[in-house]
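Chemist: Quick one: structure below, then a few questions.
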Amino acid sequence: MSNPPSPPTAADVPTPQQREPAVTIYERSVEGRRAATMPPLDVPVRELADLIPPRLLRETPAALPEVSEPEIVRHYSRLSRRNFDLDTGPYPLGSCTMKHNPRLNERVAALPGHARLHPAQDPKRAQGALELMWRLERALAEITGLANVSLQPSAGSHGELAGLLLTRAYHGDRGEQRSKVLTPDTSHGTNPATVTMAGYEVVKVATDVRGGVDLDDLRAKLNEDIASLMLTNPNTLGLFDENIAEIAALVHGKGGTLYYDGANLNAIMGRSRPGDMGFDICHLNLHKSFSQPHGGGGPGAGPIAVSDRIAPYLPVPRVVRREGENGSTPRFELDHEAPESIGRLRGFQGNFGVFVRSYAYIRSLGADGLRDASETAVLNANYLLARLRAGSAGRLLPVAFDRLPMHEFVLSGAPAKRELRVKTLDIAKRLLDYGFHPPTIYFPLLVDEALMFEPTETETRESLDQLADAVEAILAEAERDPAILHEAPYTTPVRRLDEAAASRRPVVRQRRA
Amino acid sequence: MLEEIGVESVEELFAAIPADLRLDRPLELPDGISETECFDDLASLAERNADADAETCFLGAGIYDHYVPAIVDAITQRSEFLTPYTPYQPEVSQGGLQVMFEFQTAISELTGLPVANASLYEGPSSVASAAYLALGATKGRKRLVVSRGLHPHSRETLRTYARGFGAEVVEAGLEGGLTDRDALAEAIDEDTAAVFVQSPNFLGGVEDLEALAAAAHERGALAVASVDPISLAVLRPPGECGIDVAVGEGQPLGNRLDYGGPSFGFFAATEEHLRRMPGRIAGEATDADGRRGFVLALQTREQHIRREKATHNICTSQALNALAGVIYLSWLGRRGFVELGELLAQRTAYARDRLAAVAGVEVLHDAPVFREFGLRLAEPVPAVLDRCAGEGLAAGYWLGREYAEYQDGLLVAITERRSKDDIDRLADALERAITEAHRAQARDTRKNASQAGVEA
């Protein structure tokens with residue numbers, strides 16, 4: 001297979017999309033146009049002011065756009081083409097697990113029995129929904145090795161908050177007041193942000209030379225004031241922390257809980273389980289490991305699985321299964337009665353539509369399929385790393401910690417910056433011209449000029465080869481003329497945007513005409 | 001591939017996992033199945049739910065059976081919107097970013113507040129997020145005062161979060177279907193960070209937001225309103241009533257019922273709170289060639305930059321649901337939105353009168369309502385609901401689930417899908433159900449009396 005021609009190295013001639021100015025739906029509005037027609041007013045009409053006191057009524061209508069249906073469809077279809085998406089090309093965004101979104105899951109989520117079910121429907125007449133939730137809970141319990149599950153949190157960060165509130169309730173029940181939570185310096189930003197929101201203070205734990213938790217630092221910082229240690233394993237360097245059993249023993253020895261950030265679960269499904277590692281509480285990102293589409297920033301879901309000692313504090317309502325008498329079918333109920341529960345984290349039962357998709361994913365793959373998915377994800381990451389190292393990336397973008405990674409790995413762009421005067425940002429922007437979404441950049445923070453690749457099991461060997469070739473070609477361009485990278489991208493609908501100015505003088509809504 | 005990596009087997013790639021932590025058996029899950037079998041499995045579960053097609057739906061309580069136009073499905077199912085991540089690379093995310101900008105504009109227009117974010121998870125957790133902002137904005141204050149008219153799920157969620165915030169939640173009761181203004185004013189003190197009201201409140205009552213905001217401001221507290229976005233077609237927007245932060249459940253805007261999620265929460269505020277806002281905010285920017293574009297603005301508020309000093313921990317939100325919201329609002333348009341609001345106001349008034357005329361039914365309160373209202377039933381509500389279900393009607397929400405003082409209360413919700421005929425049908429069904437429940441109870445009483453006679 002011959003290599004595709006290189007993308008343009010200058011922006012001399014704007015692309016058709018670049019020539020198309022950004023116009024908002026409000027700017028397309030023309031007085032009198034419309035799309036929707038309301039059903040007829042079939043009841044006796046009264047003066048609105050007789051129904052609601054006039055001072056409580058709106059005087060000026062909201063300035064929504066006046067557009068026809070074809071205009072709406074065209075507007076949003078055109079906008080959609082200004083997005084890069086997973087269905088178009090590789091999306092090796094580290095820690096985000098951009099795996100294929102099976103369309104079967106969209107179909108079953110749209111079945112009227114799911115999509116048109118009101119959340120306040122009597123549980124007696126929502127037995128299918130409750131059974132689905134129960135089955136999903138059981139599957140997640142088995143996958144995590146933690147027997148008690150609540151599906152309620154709406155995303156990973158919501159699950160994290162639940163986890164720390166559970167920890168607070170657990171300690172409170174024992175008459176303990178703890179004020180600090182440990183997070184490694186490699187942790188996702190949501191971890192420390194959650195710690196603050198949950199009313200704790202963050203204490204950072206260092207990373208050792210092998211990329212794991214620095215045990216000496218952990219020992220030094222552990223005491224009876226530490227409520228929890230939040231860990232990702234494999235961590236954000238893509239490395240499995242071999243000392244996890246010892247870490248768990250140390251944390252438990254001081255009475256703390258061990259929290260598992262499930263963002264990287266895709267590395268170990270069917271291979272190893274957070275519960276067996278000694279974790280007490282774990283969240284899962286159904287929009288990462290379990291194929292819920294990311295939707296450009298949600299929806300997701302962040303179920304939590306916990307050990308028995310944490311179970312009494314789980315959010316309500318909980319789904320319970322009552323065995324039928326004399327072999328009749330079991331019934332499913334929503335149990336609101338749990339005196340020690342931390343309470344609700346949101347309305348109703350959670351992001352049920354996401355549960356349907358993830359349940360369908362787990363059901364489709366089964367035990368073997370999930371294990372295969374993780375194996376392939378790990379194999380793909382290692383192959384991509386090997387391909388990159390074999391080229392000049394091995395010298396210019398060395399791997400940050402030289403061990404076999406799991407499902408993702410982190411390179412450092414420091415040598416490229418030093419030798420070629422191109423930053424990680426420049427490499428990322430140039431990848432856009434080559435048709436790839438860049439890896440996660442500048443994270444984790446302890447790696448200088450970090451590039452974090454997670455190819456997932458979705459990518460084929462061919463697409464991994466193309467990605468490695470693109471990085472190689474970009475580094476060659478940089479050696480030839482770093483300005484090519486400095487000015488990139490050239491082919492995207494817009495080129496580099498001035499983010500600093502946008503935050504200095506923020507314009508966050510359409511100006512009124 | 002193994003050769004390039006330099007290992008003999010895939011097993012070696014997992015060598016870092018200590019042997020005793022490797023799962024030495026297959027997961028105890030059913031075997032994988034084909035697409036057709038999986039479809040059948042899910043379809044058989046779905047069949048066991050009485051959805052809003054099977055039962056004409058008068059259930060509300062924050063989630064409403066509005067019609068979702070076909071273009072919402074068509075556009076939100078496009079790969080380009082369905083499958084990308086959060087727009088961290090703006091050059092290839094202009095579609096999503098512009099949608100956020102348009103969404104923020106729509107929410108700002110609806111609420112009458114100048115700035116809005118690009119979505120939060122859903123309604124009740126947005127209320128709790130407003131508390132987090134208020135506690136930060138009124139440094140040192142630790143009290144949160146809520147009206148009992150605030151959705152029970154919002155109050156419960158706020159209590160859950162407040163334990164982390166180290167704040168106290170104090171409740172002010174209702175009087176005549178509306179927040180008791182004296183009780184509220186009494187509950188607000190110099191330690192109060194924010195006051196939370198909902199309009200229309202959980203009983204459907206339209207609150208006087210201006211008076212409630214004034215009570216909050218008198219003591220230096222923020223006024224937070226949780227609002228039904230559809231109601232803003234006819235009700236005075238919070239921004240014109242002195243409200244500092246308006247939040248709410250976005251489901252009524254083009255999102256399906258989905259058994260309660262995913263939908264989206266919205267969050268709008270006065271300009272001074274922009275830099276404390278939670279969540280993503282898209283802003284206008286200019287590219288290297290001077291083109292107009294959009295970026296994630298003010299990212300230094302966010303967890304991925306600011307970590308423990310972030311204004312919130314939220315990362316993944318509800319972007320696709322917010323897209324459905326903005327498509328829906330564009331579809332309604334300026335005039336359609338008002339027409340929808342007026343239609344609901346008229347049908348609500350008709351339904352309230354029609355149902356309260358049924359023997360054994362009376363209004364729960366006389367306060368003005370929009371789209372939802374409370375009734376009192378002379379017979380036990382769960383039994384009446386069961387009988388209505390037998391006639392293919394989800395007659396409403398039993399208030400006794402959440403309010404001990406309204407054990408006999410039924411909350412009925414109206415959308416543009418509930419025609420006059422549907423309302424008349426509900427009235428007839430309620431009448432029959434109440435009569436039958438009354439008879440059944442009378443029979444039980446007689447039976448018990450005669451049994452008691454035998455035993456005596």
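Residue numbering restarts at 1 in every chain; chains get A, B, ... in the order shown in the structure tokens, and ligands count up from 1 in that same order.
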Skipping near chain neighbours, those fewer than 4 positions away, what residues fall within 10 Å of Ala263 of chain A using only C-alpha atoms, listed as number ranges by chain?
Modeler: A: 95-97, 156, 188, 232-236, 267, 282-289, 302
Chemist: Among segment 114-356 of chain B, which ones does DSSP assign to alpha helix (DSSP H) (computed from the backbone)? Answer as an MDAnalysis selection string.
Modeler: chainID B and resid 123:137 152:165 181:187 209:218 303:306 319:356
Chemist: Could you tell me, as a short mmCIF file (atom, residue, chain, number, x, y, z; two decimals) with C-alpha atoms, in the first residue's frame, which residues of segment 120-364 of chain A DSSP assigns to strand (DSSP E or B) when given the backbone?
Modeler:
data_model
loop_
_atom_site.label_atom_id
_atom_site.label_comp_id
_atom_site.auth_asym_id
_atom_site.auth_seq_id
_atom_site.Cartn_x
_atom_site.Cartn_y
_atom_site.Cartn_z
CA ALA A 126 -42.07 -0.84 34.53
CA ASN A 148 -23.24 -3.80 45.39
CA VAL A 149 -24.05 -1.41 42.57
CA SER A 150 -25.92 1.86 42.14
CA LYS A 180 -8.11 14.79 53.70
CA VAL A 181 -8.08 12.68 50.57
CA LEU A 182 -5.00 11.46 48.73
CA THR A 183 -4.74 11.69 44.96
CA PRO A 184 -1.65 10.83 42.89
CA GLU A 201 -8.68 18.72 51.34
CA VAL A 202 -6.41 17.29 48.62
CA VAL A 203 -3.07 15.77 49.53
CA LYS A 204 -0.94 14.80 46.54
CA VAL A 205 0.97 11.52 46.41
CA THR A 207 4.80 8.91 41.49
CA VAL A 213 2.42 5.26 43.51
CA ILE A 226 -6.91 10.49 55.50
CA ALA A 227 -10.40 9.52 54.40
CA SER A 228 -9.54 7.91 51.09
CA LEU A 229 -7.01 7.33 48.36
CA MET A 230 -8.35 7.78 44.83
CA LEU A 231 -6.52 5.72 42.26
CA THR A 257 -11.19 3.74 51.86
CA LEU A 258 -9.63 2.94 48.51
CA TYR A 259 -11.42 4.51 45.56
CA TYR A 260 -11.11 3.19 42.01
CA ASP A 261 -11.50 5.66 39.15
CA GLY A 262 -12.89 3.40 36.45
CA SER A 272 -8.48 -8.39 36.87
CA ILE A 281 -15.59 1.88 45.89
CA CYS A 282 -15.34 2.09 42.12
CA HIS A 283 -17.05 4.08 39.44
CA LEU A 284 -17.42 2.96 35.86
CA ILE A 304 -20.65 2.91 41.35
CA ALA A 305 -19.85 -0.54 42.70
CA VAL A 306 -18.93 -0.97 46.35
CA ARG A 318 -32.16 0.97 44.88
CA VAL A 319 -33.43 -1.69 42.52
CA VAL A 320 -34.37 -4.83 44.40
CA ARG A 321 -35.46 -8.22 43.18
CA ARG A 322 -38.09 -10.08 45.17
CA ARG A 331 -40.74 -8.91 40.93
CA PHE A 332 -38.53 -5.84 40.77
CA GLU A 333 -39.07 -2.83 42.98
CA LEU A 334 -37.53 0.52 43.76
CA ASP A 335 -36.55 0.62 47.40
#
Chemist: Tell me, as a PyMOL selection string, which residues lie within 10 Å of Pro330 of chain A, counting only C-alpha atoms; anything in the same chain fewer than 5 positions away does not count.
Modeler: chain A and resi 127+131+321-325
Chemist: Can you pull out every residue within 7 Å of segment 322-330 of chain B, counting only C-alpha atoms, but drop anything in the same chain fewer than 6 positions away, and send it as an MDAnalysis selection string?
Modeler: (chainID A and resid 64:65) or (chainID B and resid 72 76 99 103 106 119 253:255 264)
Chemist: Quick one: residues within 9 Å of segment 162-177 of chain A, only C-alpha atoms counted, chain neighbours fewer than 3 positions away excluded, as a compact mmCIF listing (two decimals) with N, CA and C atoms, in the first residue's frame?
Modeler:
# COMPACT_ATOMS: atom_id res chain seq x y z
N PRO A 153 -25.37 7.63 39.47
CA PRO A 153 -24.55 8.78 39.04
C PRO A 153 -24.53 8.96 37.51
N SER A 157 -17.46 11.83 37.06
CA SER A 157 -17.23 12.78 38.15
C SER A 157 -18.37 12.73 39.17
N HIS A 158 -19.56 12.42 38.71
CA HIS A 158 -20.71 12.28 39.61
C HIS A 158 -20.52 11.03 40.47
N GLY A 159 -19.98 9.96 39.86
CA GLY A 159 -19.67 8.74 40.60
C GLY A 159 -18.59 9.00 41.64
N VAL A 181 -8.04 13.78 51.54
CA VAL A 181 -8.08 12.68 50.57
C VAL A 181 -6.81 12.73 49.73
N THR A 194 -13.29 16.85 42.74
CA THR A 194 -14.31 16.16 43.52
C THR A 194 -14.00 16.22 45.01
N VAL A 195 -12.72 16.06 45.33
CA VAL A 195 -12.31 16.09 46.73
C VAL A 195 -12.77 17.41 47.37
N ALA A 198 -16.53 17.58 47.81
CA ALA A 198 -17.03 16.70 48.86
C ALA A 198 -16.58 17.18 50.24
N TYR A 200 -13.44 17.83 51.36
CA TYR A 200 -12.14 17.37 51.85
C TYR A 200 -11.03 18.24 51.27
N ASP A 225 -6.22 10.89 59.54
CA ASP A 225 -7.01 11.99 59.00
C ASP A 225 -7.29 11.80 57.50
N ALA A 227 -9.13 10.22 54.60
CA ALA A 227 -10.40 9.52 54.40
C ALA A 227 -10.29 8.47 53.30
N SER A 228 -9.53 8.79 52.25
CA SER A 228 -9.54 7.91 51.09
C SER A 228 -8.31 8.16 50.22
N GLY A 255 -7.41 2.90 58.16
CA GLY A 255 -8.86 3.09 58.22
C GLY A 255 -9.45 3.87 57.05
N GLY A 256 -8.66 4.12 56.02
CA GLY A 256 -9.18 4.86 54.87
C GLY A 256 -9.87 3.94 53.88
N THR A 257 -10.61 4.53 52.95
CA THR A 257 -11.19 3.74 51.86
C THR A 257 -10.32 3.90 50.62
N TYR A 259 -10.47 4.17 46.62
CA TYR A 259 -11.42 4.51 45.56
C TYR A 259 -10.82 4.21 44.19
N ILE A 281 -14.60 1.14 46.66
CA ILE A 281 -15.59 1.88 45.89
C ILE A 281 -15.01 2.11 44.50
N CYS A 282 -15.84 1.96 43.49
CA CYS A 282 -15.34 2.09 42.12
C CYS A 282 -16.42 2.70 41.27
N HIS A 283 -16.05 3.65 40.43
CA HIS A 283 -17.05 4.08 39.44
C HIS A 283 -16.66 3.55 38.08
N ILE A 304 -21.66 3.24 40.34
CA ILE A 304 -20.65 2.91 41.35
C ILE A 304 -20.90 1.50 41.87
N VAL A 306 -19.59 -1.09 45.04
CA VAL A 306 -18.93 -0.97 46.35
C VAL A 306 -18.91 -2.31 47.07
N ARG A 309 -19.13 -3.47 53.11
CA ARG A 309 -19.14 -2.53 54.24
C ARG A 309 -19.59 -1.13 53.84
N ILE A 310 -19.53 -0.82 52.53
CA ILE A 310 -19.98 0.49 52.06
C ILE A 310 -21.45 0.44 51.62
N ALA A 311 -21.95 -0.77 51.36
CA ALA A 311 -23.28 -0.93 50.75
C ALA A 311 -24.42 -0.21 51.46
N PRO A 312 -24.44 -0.18 52.81
CA PRO A 312 -25.61 0.46 53.45
C PRO A 312 -25.78 1.92 53.08
N TYR A 313 -24.72 2.55 52.58
CA TYR A 313 -24.76 3.99 52.34
C TYR A 313 -25.09 4.35 50.90
N LEU A 314 -25.24 3.35 50.04
CA LEU A 314 -25.49 3.61 48.62
C LEU A 314 -26.70 4.54 48.42
N PRO A 315 -26.69 5.29 47.31
CA PRO A 315 -27.82 6.19 47.03
C PRO A 315 -29.14 5.42 46.91
N GLU A 340 -29.46 4.52 56.26
CA GLU A 340 -28.08 4.99 56.29
C GLU A 340 -27.61 5.54 54.94
N SER A 341 -28.50 5.50 53.95
CA SER A 341 -28.13 5.95 52.60
C SER A 341 -27.68 7.41 52.58
N ILE A 342 -26.75 7.72 51.67
CA ILE A 342 -26.36 9.13 51.50
C ILE A 342 -27.49 9.93 50.85
N LEU A 345 -28.63 11.51 44.37
CA LEU A 345 -27.64 12.34 43.70
C LEU A 345 -28.24 13.07 42.51
N THR B 160 -28.04 15.77 49.97
CA THR B 160 -26.91 14.85 49.79
C THR B 160 -25.63 15.64 49.55
N TYR B 161 -25.70 16.57 48.61
CA TYR B 161 -24.52 17.38 48.28
C TYR B 161 -24.10 18.24 49.48
N ARG B 163 -24.02 17.78 52.54
CA ARG B 163 -23.15 17.14 53.52
C ARG B 163 -21.68 17.30 53.12
N GLY B 164 -21.43 17.23 51.82
CA GLY B 164 -20.07 17.48 51.35
C GLY B 164 -19.69 18.95 51.46
Chemist: Restricting the calculation to only C-alpha atoms, which member of A:Phe401, A:Tyr359, A:Tyr91, A:Phe352 is positioned closest to chain B?
Modeler: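 Answer, going by the shortest atom-to-atom distance: A:Phe352.
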